[in-house]
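Q: I'd like to ask you about the structure that follows.
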Amino acid sequence: MRRPTPLKNLGRELAGFHGRLKIGAAFVALLAGVLLARGYFLQITQHDYYTGRAENNRISQVPIAPNRGLILDSKGRVLAENYSAYTLEVTRSHIHNLEATLIEVGKLIEITPGQLRRFRRLLSESHEFETVPLKSKLTDEEVAILAANRYRLPGIEVKARLFRNYQAGHGMAHVVGFIGRINDRDLKRLREAGREKNYQGGAHIGKTGLEQSYETLLHGRTGFDQMETDSSGRAVRVLSRIPPVPGKDLRLYLDRDLQEVAEHVFGNYLGGLVALDPNTGGVLALVSKPVFDPNLFVDGIDPETWKSLNESPDRPMVNRVLRGIYPPGSTIKPFMALAGLELGLRKPSDAISDPGYFTLPRSSHQYRDWKKGGHGTVDLGKSIAQSCDVYYYRLAVDMGIDRMHDYLAQFGLGEKTGIDLDGESAGLLPSREWKQRRFKQVWYPGETVIAGIGQGFHLTTPLQLAVATAMIANGGKRIEPRLVQSVRDPLTRAWQAQPVATRLQLEIDPDNLAAVRAGMMAAMQPGGTASRAAAGAPYTIAGKTGTAQVVGIKQGARYDAGSLARKHLDHALFIAYAPAENPTIAIAVMVENGEHGGSTAAPMARAVLDYYLTGKRPGNMNLGAIDATE
Amino acid sequence: MPQNSHWILRRLGHLDGMLLTLVVLLLGVSLAMVASASGQSPARISGHLINIGLALSVMVVMANVPPHILSKVGPPLYVAGVILLIGVALFGEIRNGARRWLNLGFAFQPSELLKLALPLMLAWYFQRNEGGLRGKHFLVGGALLLLPFLLILRQPDLGTALMIGASGFYLLFFAGLPWKVIAGGGMLAGASLPLVWSLMHDYQQRRVLTLLDPTSDPLGDGYHIIQSTIAIGSGGLFGKGWMQGTQNQLDFVPERTTDFIYAVFGEEFGYVGTILLVGLYLAIVARGLVIAARAPTLFGRLMAATLSLNLFTYAFVNIGMVSGILPVVGVPLPLMSYGGTALITLLLGVGIMMSVATHRQLNKT
């Protein structure tokens with residue numbers, strides 16, 4: 001049908017083409033309009049939003065961990081300090097093949113099996129994106145080797161880290177404690193307290209001892225760098241900085257030398273010793289045996305060492321001074337005596353005749369005195385000096401359990417002392433209500449009898465005994481024990497004394513107090529139970545020995561006969577203060593399986609008193625050697 | 001033309017001064033952007049300069065080839081291209097799950113060849129049948145279009161297939177493809193969308209889904225789109241300034257010297273820059289359409305119009321992709337992105353447009 005001349009046809013085609021060019025141009029204009037509309041939306045309408053997104057991309061907050069506060073002894077000597085060292089750290093999520101990488105690293109520097117085990121344990125406790133230390137305290141040579149090979153080991157980094165060093169050695173572990181890596185439990189606690197932001201950039205937190213109880217002061221405040229970072233998170237430059245605030249330094253009442261003397265004289269016994277300033281409650285020395293090396297924990301302990309520490313039957317990780325609970329035995333007698341006087345049940349001169357045993361009315365059961373045949377005629381002074389059991393059997397029956405409980409409670413027995421360490425045990429001061437609650441049983445008169453000499457249900461910590469002893473020394477002021485004397489602000493460098501806390505002031509008739517004190521002094525004189533330990537002292541000591549029967553020891557199959565026998569020996573106790581006229585130190589010693597307070601525990605106390613009051617060291621002690629061997 | 005009196009142009013022969021000016025302007029912007037996006041990498045900048053020099057030379061050469069000679073290159077080029085595409089389907093190397101490359105001593109993508117070969121072939125064919133174009137010619141044209149389109153589609157390379165398909169369609173359109181066919185084809189294409197979707201590869205489907213909601217995969221496929229839109233959006237009205245784009249300088253924008261160079265441009269020069277850039281492309285298109293309108297032969301008309309629209313389509317697809325309104329397909333921004341092959345292909349096209357513009361006498365084919 002289309003058969004016009006070619007020229008006419010061409011003309012029509014050209015016209016059609018020009019029409020289509022216009023349509024093409026319109027199409028292009030439409031597309032351009034779409035692009036410009038999109039550009040307007042992104043760059044004008046949404047500009048602020050995308051600017052914010054770009055800034056978020058660009059700027060990241062990099063936390064700077066603050067320097068942890070130092071812990072110093074009373075003379076300003078360092079017990080816990082920081083040092084900077086290089087560590088080899090691994091980020092799991094950046095590593096394709098962990099095992100191959102570990103082998104590669106092992107070819108470059110030595111990785112011990114212990115380090116590898118520790119690393120695997122930390123790895124199993126960490127999230128994929130967290131960095132986990134593989135080896136700490138790298139030598140300069142190791143740092144150089146790793147730096148040179150960094151390019152082929154993605155996910156492996158050498159970082160400068162602050163470490164904690166407990167140079168005072170093992171003996172201080174129960175006081176200072178240690179820091180360790182923040183675990184899930186710590187993190188949860190920090191979150192609940194709203195403090196987790198303050199822990200960004202740091203991996204450690206106080207786990208035990210002062211490191212734990214003063215964590216908030218020691219830690220300081222985390223600072224932040226506003227960093228410009230590129231897409232791979234690499235810092236390009238610092239935009240602004242909120243500097244970290246270092247933690248506060250702690251100064252203790254504790255004297256490192258006194259502590260070393262106490263550790264030394266305690267020898268290889270298990271148990272605890274604590275010396276307090278009876279006026280302030282300051283802890284002058286605190287020994288719990290066995291000891292352990294706190295440095296093991298700082299950067300993660302390897303599983304084997306942890307197991308051996310944690311499962312040891314000697315429980316080296318338990319601070320026996322505040323967590324060990326033992327029957328107070330005869331050390332309760334001065335307090336019983338004071339109770340008898342204050343309650344009007346006895347006068348100092350009231351004497352009994354001790355046949356060597358005591359029987360309750362209408363009973364034939366004999367409660368024996370520790371001394372066969374008895375002490376003869378015994379007044380209050382002699383009852384303390386010679387630790388007469390029968391005197392206190394009778395006194396306890398006259399007093400009754402209710403009055404006994406109420407009076408002794410004022411000395412803080414069966415109650416946490418409030419020391420500035422966590423995990424303290426309350427012990428147990430038995431009462432009628434307690435027994436009903438605990439055993440759904442009535443109180444039997446026979447239980448009162450043995451309670452009078454600190455046996456039966458009684459359980460006290462060495463720290464409680466020290467506080468109670470300090471009350472006799474200071475005239476009834478119940479102080480809360482404190483390790484930390486003052487706190488230093490890191491910016492002003494000024495020390496601020498920590499307040500002394502007094503729980504209560506017990507009103508005691510001065511004559512009654514003097515009678516009890518005289519009894520305790522007599523215990524240290526010839527004829528007294530601890531006379532030998534006091535011989536030749538250039539100052540007067542007031543003290544009381546004690547022996548606690550060991551009950552309920554669980555027999556483990558792992559003990560051999562020899563150690564089993566030792567486990568069944570009585571615990572030896574001793575409490576004292578000195579100088580008796582104007583006391584500046586009160587002490588409680590608890591030696592597990594030490595048998596006799598007078599012969600085992602009292603000499604330990606004497607050595608501590610000697611050093612504290614006269615500066616005399618035990619004869620066989622070479623102070624320099626202690627640092628080296630411990 | 002007044003520009004033609006310029007001595008350089010006289011010396012270089014058949015050049016279109018206006019097109020040349022626009023192209024050189026764009027290439028200048030491109031050089032500045034590659035410098036910024038590469039962190040002033042001397043290797044990148046000198047590489048880009050060499051590419052530009054090479055491509056401009058090729059353009060000059062092309063401009064001096066008369067259209068009637070050019071049109072004769074169409075059929076052999078097209079046949080060679082299709083044979084190579086079949087070769088790819090049979091012996092091609094697989095990279096990233098797609099069979100696109102042919103190893104000819106160097107890796108070669110035959111689909112690149114078709115970008116020019118197909119329009120040349122179609123223009124040659126319609127020129128041959130000028131004056132008596134009927135349905136059967138469009139049928140043949142459609143077949144010539146579909147053959148390479150399907151071969152590239154099954155590589156699979158949806159992006160390139162669509163771009164080549166578009167160039168073929170533009171040519172058919174300017175050759176006078178009947179409206180009812182266009183309408184019918186459009187409806188057919190719309191109806192077959194669900195079928196196309198089901199035939200798409202996983203990664204292709206994912207790209208489309210990512211476009212609809214980039215946040216669904218912010219660190220994977222969505223990352224590129226999210227980061228490039230942040231870059232563009234944060235540029236604002238005037239931009240952050242040359243070399244001052246944080247998204248660019250801090251390495252958040254991916255592929256920023258090549259496919260995503262518009263993100264760098266948008267961040268550093270803002271909406272004003274966007275308007276100027278789109279304006280430059282529009283100017284090239286306008287000049288191309290003017291050349292087409294004045295062209296003495298059908299071949300010249302079809303080539304100039306098709307190449308103009310094609311160039312803008314590339315720009316549209318790239319900017320649309322980078323600013324998050326089109327799926328991520330590997331299409332560079334014409335005359336802006338770093339990359340020799342695309343630049344040479346584009347300037348070959350511009351050279352053809354210049355040849356059409358400057359060879360005014362009617363030549364018998």
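We name chains A, B, ... following the order of the structure tokens; residues begin at 1 in each chain, and ligands are numbered from 1 as shown.
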Report as CSV the residues of chain B within 9 Å of chain A, each with its shortest atom pair and distance in Å (one decimal), using only C-alpha atoms, ordered by chain and increasing residue number.

A:
residue,atom,partner,partner_atom,distance
B:Glu130,CA,A:Leu10,CA,7.9
B:Gly131,CA,A:Leu10,CA,5.6
B:Gly132,CA,A:Pro6,CA,7.8
B:Tyr170,CA,A:Gly24,CA,8.5
B:Phe173,CA,A:Arg20,CA,7.5
B:Phe174,CA,A:Phe17,CA,6.0
B:Ala175,CA,A:Phe17,CA,7.1
B:Gly176,CA,A:Phe17,CA,7.0
B:Gln227,CA,A:Ala54,CA,8.4
B:Thr229,CA,A:Leu42,CA,7.2
B:Ile230,CA,A:Tyr50,CA,5.0
B:Ala231,CA,A:Ala54,CA,6.9
B:Ile232,CA,A:Gln43,CA,6.4
B:Gly233,CA,A:Gln43,CA,4.2
B:Ser234,CA,A:Thr51,CA,4.2
B:Gly235,CA,A:Gln43,CA,6.2
B:Gly236,CA,A:Gln43,CA,4.3
B:Leu237,CA,A:Gln43,CA,6.2
B:Gly239,CA,A:Gln43,CA,8.8
B:Thr246,CA,A:Arg58,CA,7.0
B:Gln247,CA,A:Ala54,CA,6.6
B:Gln249,CA,A:Asp230,CA,8.0
B:Leu250,CA,A:Asp230,CA,4.3
B:Asp251,CA,A:Ser231,CA,5.4
B:Phe252,CA,A:Ser231,CA,5.0
B:Val253,CA,A:Ser231,CA,8.6
B:Gly266,CA,A:Gln43,CA,8.3
B:Glu267,CA,A:Gln43,CA,8.8
B:Gly270,CA,A:Gln43,CA,6.7
B:Tyr271,CA,A:Gln43,CA,5.9
B:Thr274,CA,A:Gly39,CA,7.1
B:Ile275,CA,A:Leu36,CA,6.8
B:Val278,CA,A:Ala32,CA,6.7
B:Gly279,CA,A:Ala32,CA,8.6
B:Leu282,CA,A:Val28,CA,7.8
B:Val285,CA,A:Ala25,CA,8.0
B:Ala286,CA,A:Ala25,CA,7.6
B:Leu289,CA,A:Leu21,CA,6.8
B:Ala292,CA,A:Leu21,CA,8.2
B:Ala293,CA,A:His18,CA,6.5
B:Leu298,CA,A:Leu14,CA,8.7
B:Arg301,CA,A:Phe17,CA,8.4
B:Leu302,CA,A:Phe17,CA,8.9
B:Ala305,CA,A:Leu21,CA,7.2
B:Leu309,CA,A:Val28,CA,7.1
B:Phe312,CA,A:Val28,CA,7.1
B:Thr313,CA,A:Val28,CA,8.0
B:Phe316,CA,A:Leu31,CA,6.7
B:Ile319,CA,A:Leu35,CA,7.2
B:Gly320,CA,A:Leu35,CA,6.6
B:Ser323,CA,A:Arg38,CA,7.4
B:Gly324,CA,A:Arg38,CA,8.8
B:Ile325,CA,A:Arg38,CA,8.0

Q: Identify, on the basis of only C-alpha atoms, every residue whose closest approach to range 194-208 of chain B does not exceed 9 Å; exclude the query and any residue fewer than 5 positions from it along the same chain; express the result as a PyMOL selection string.

A: chain B and resi 156+158+189+213+221-222+326-329

Q: What is the CA of Asp225 in chain A to CA of Glu157 in chain A distance in Å?

A: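 If I compute the distance from CA of Asp225 in chain A to CA of Glu157 in chain A, I get 20.4 Å.
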
Q: What is the distance, in Å and to one decimal place, between CA of Gly454 in chain A and CA of Met404 in chain A?

A: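 Interatomic distance, CA of Gly454 in chain A to CA of Met404 in chain A: 11.2 Å.
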
Q: Within 6 Å of range 338-354 of chain A, counting only C-alpha atoms, which residues qualify if same-chain residues fewer than 2 places away don't, as a ChimeraX atom specification?

A: /A:335-336,356,374-380

Q: Mind pulling up the distance from CA of Met590 in chain A to CA of Ala572 in chain A?

A: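 According to the coordinates, CA of Ala572 in chain A and CA of Met590 in chain A are separated by 5.9 Å.
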
Q: Near Arg320 in chain A, counting only C-alpha atoms, which residues have an atom at most 12 Å away, once you skip same-chain residues fewer than 5 positions from it, shown as a short mmCIF file (atom, residue, chain, number, x, y, z; two decimals) with C-alpha atoms, in the first residue's frame?

A:
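out09.cif, written as the output of this step:
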data_model
loop_
_atom_site.label_atom_id
_atom_site.label_comp_id
_atom_site.auth_asym_id
_atom_site.auth_seq_id
_atom_site.Cartn_x
_atom_site.Cartn_y
_atom_site.Cartn_z
CA HIS A 174 44.70 -11.92 101.35
CA VAL A 175 44.76 -8.19 102.08
CA LEU A 270 47.35 -22.92 108.63
CA GLY A 271 45.30 -20.21 110.25
CA GLY A 272 45.04 -16.49 110.68
CA LEU A 273 46.51 -13.62 112.63
CA VAL A 274 45.19 -10.10 112.81
CA LEU A 286 46.65 -9.50 108.67
CA VAL A 287 47.98 -12.94 107.93
CA SER A 288 46.03 -15.82 106.51
CA LYS A 289 47.86 -19.02 105.76
CA PRO A 290 48.42 -20.64 103.37
CA VAL A 291 49.24 -17.80 100.99
CA ASP A 314 44.13 -26.30 102.61
CA ARG A 315 41.90 -23.73 100.87
CA ILE A 325 34.97 -19.62 111.59
CA TYR A 326 36.21 -21.48 114.62
CA GLY A 423 33.11 -11.72 102.02
CA GLU A 424 33.30 -11.55 105.79
CA SER A 425 31.60 -14.32 107.76
CA GLY A 427 30.15 -16.52 112.69
CA THR A 460 33.87 -16.76 115.62
CA THR A 461 36.31 -15.36 113.15
CA PRO A 462 39.78 -14.29 114.26
CA LEU A 463 38.78 -10.76 113.28
CA GLN A 464 35.80 -10.79 115.66
CA ALA A 588 44.06 -12.41 117.71
CA VAL A 589 45.82 -15.52 116.53
CA MET A 590 44.19 -18.70 115.35
CA VAL A 591 46.41 -21.64 114.50
CA GLU A 592 44.62 -24.59 112.99
#

Q: I'd like the neighbourhood of Arg617 in chain A as a VMD selection string, where a residue qualifies if any of its atoms comes within 12 Å (using only C-alpha atoms), though same-chain residues fewer than 4 positions away should be ignored.

A: chain A and resid 257 to 262 264 to 265 604 606 to 613 621 to 623

Q: Given the choices A:Asp73, A:Asp422, A:Asp369, A:Asp402, which gets closest to Asp389 in chain A if the distance is worked out from only C-alpha atoms?

A: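 Closest candidate: A:Asp369.
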
Q: Taking the DSSP secondary structure from the backbone, can you list the residues of range 28-266 of chain B that are strand (DSSP E or B), as an MDAnalysis selection string?

A: chainID B and resid 93:95 98:103 107:108

Q: Write the residues of the selection above to a file with C-alpha atoms, as a PDB file, in the first residue's frame.

A:
ATOM      1  CA  GLU B  93      36.221 -18.131  31.691  1.00  0.00           C
ATOM      2  CA  ILE B  94      34.015 -18.094  34.737  1.00  0.00           C
ATOM      3  CA  ARG B  95      34.678 -15.299  37.192  1.00  0.00           C
ATOM      4  CA  ALA B  98      29.467 -15.467  35.452  1.00  0.00           C
ATOM      5  CA  ARG B  99      30.874 -16.543  32.121  1.00  0.00           C
ATOM      6  CA  ARG B 100      31.757 -13.187  30.588  1.00  0.00           C
ATOM      7  CA  TRP B 101      35.394 -13.335  29.705  1.00  0.00           C
ATOM      8  CA  LEU B 102      37.251 -14.749  26.789  1.00  0.00           C
ATOM      9  CA  ASN B 103      40.935 -15.486  27.142  1.00  0.00           C
ATOM     10  CA  ALA B 107      40.900 -11.222  29.378  1.00  0.00           C
ATOM     11  CA  PHE B 108      38.361  -9.786  26.995  1.00  0.00           C
TER      12      PHE B 108
END

Q: Find the residues near Ser36 in chain B: any atom within 9 Å, counting only C-alpha atoms, skip ones fewer than 2 places away on the same chain, and give them as a list in words.

A: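 With the cut-off at 9 Å, the set is Leu31, Ala32, Met33, Val34, Ser38, Gly39, Gln40, Ser41, Trp242, Met243, Gln244, Gly245, Asn248, Gln249, Thr257 and Val264 of chain B.
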
Q: Using DSSP on the backbone, list every residue of range 514-604 of chain A that comes out as helix (DSSP H, G or I), and give them as a list of chain:residue names.

A: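 Across range 514-604 of chain A, those assigned helix (DSSP H, G or I) are A:Ala514, A:Ala515, A:Val516, A:Arg517, A:Ala518, A:Gly519, A:Met520, A:Met521, A:Ala522, A:Ala523, A:Ser531, A:Arg532, A:Ala533, A:Ala534, A:Ala561, A:Gly562, A:Ser563, A:Leu564, A:Ala565, A:Arg566, A:Lys567, A:Gly597, A:Gly598, A:Ser599, A:Thr600, A:Ala601, A:Ala602, A:Pro603, A:Met604.
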
Q: Those selected residues, please, written with C-alpha atoms and delivered as a CSV table (one decimal), in the first residue's frame.

A:
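Final output, again-v2.csv:
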chain,number,residue,atom,x,y,z
A,514,ALA,CA,40.2,-3.6,135.6
A,515,ALA,CA,39.5,-7.0,137.2
A,516,VAL,CA,39.3,-8.7,133.8
A,517,ARG,CA,42.3,-6.8,132.5
A,518,ALA,CA,44.2,-7.9,135.6
A,519,GLY,CA,43.3,-11.5,134.9
A,520,MET,CA,44.5,-11.2,131.4
A,521,MET,CA,47.8,-9.7,132.6
A,522,ALA,CA,48.1,-12.5,135.1
A,523,ALA,CA,47.8,-15.1,132.3
A,531,SER,CA,53.7,-17.0,130.9
A,532,ARG,CA,56.4,-18.5,128.8
A,533,ALA,CA,55.4,-16.5,125.7
A,534,ALA,CA,55.6,-13.3,127.7
A,561,ALA,CA,47.5,-41.1,108.0
A,562,GLY,CA,50.0,-38.5,109.1
A,563,SER,CA,48.1,-35.5,107.9
A,564,LEU,CA,44.8,-37.0,108.9
A,565,ALA,CA,46.1,-37.1,112.4
A,566,ARG,CA,47.2,-33.5,112.3
A,567,LYS,CA,43.8,-32.5,111.0
A,597,GLY,CA,47.3,-21.6,122.5
A,598,GLY,CA,50.0,-21.0,125.0
A,599,SER,CA,52.7,-22.8,123.3
A,600,THR,CA,51.8,-22.2,119.6
A,601,ALA,CA,49.7,-19.1,119.1
A,602,ALA,CA,51.0,-16.9,122.0
A,603,PRO,CA,54.6,-16.9,120.8
A,604,MET,CA,53.5,-15.7,117.4
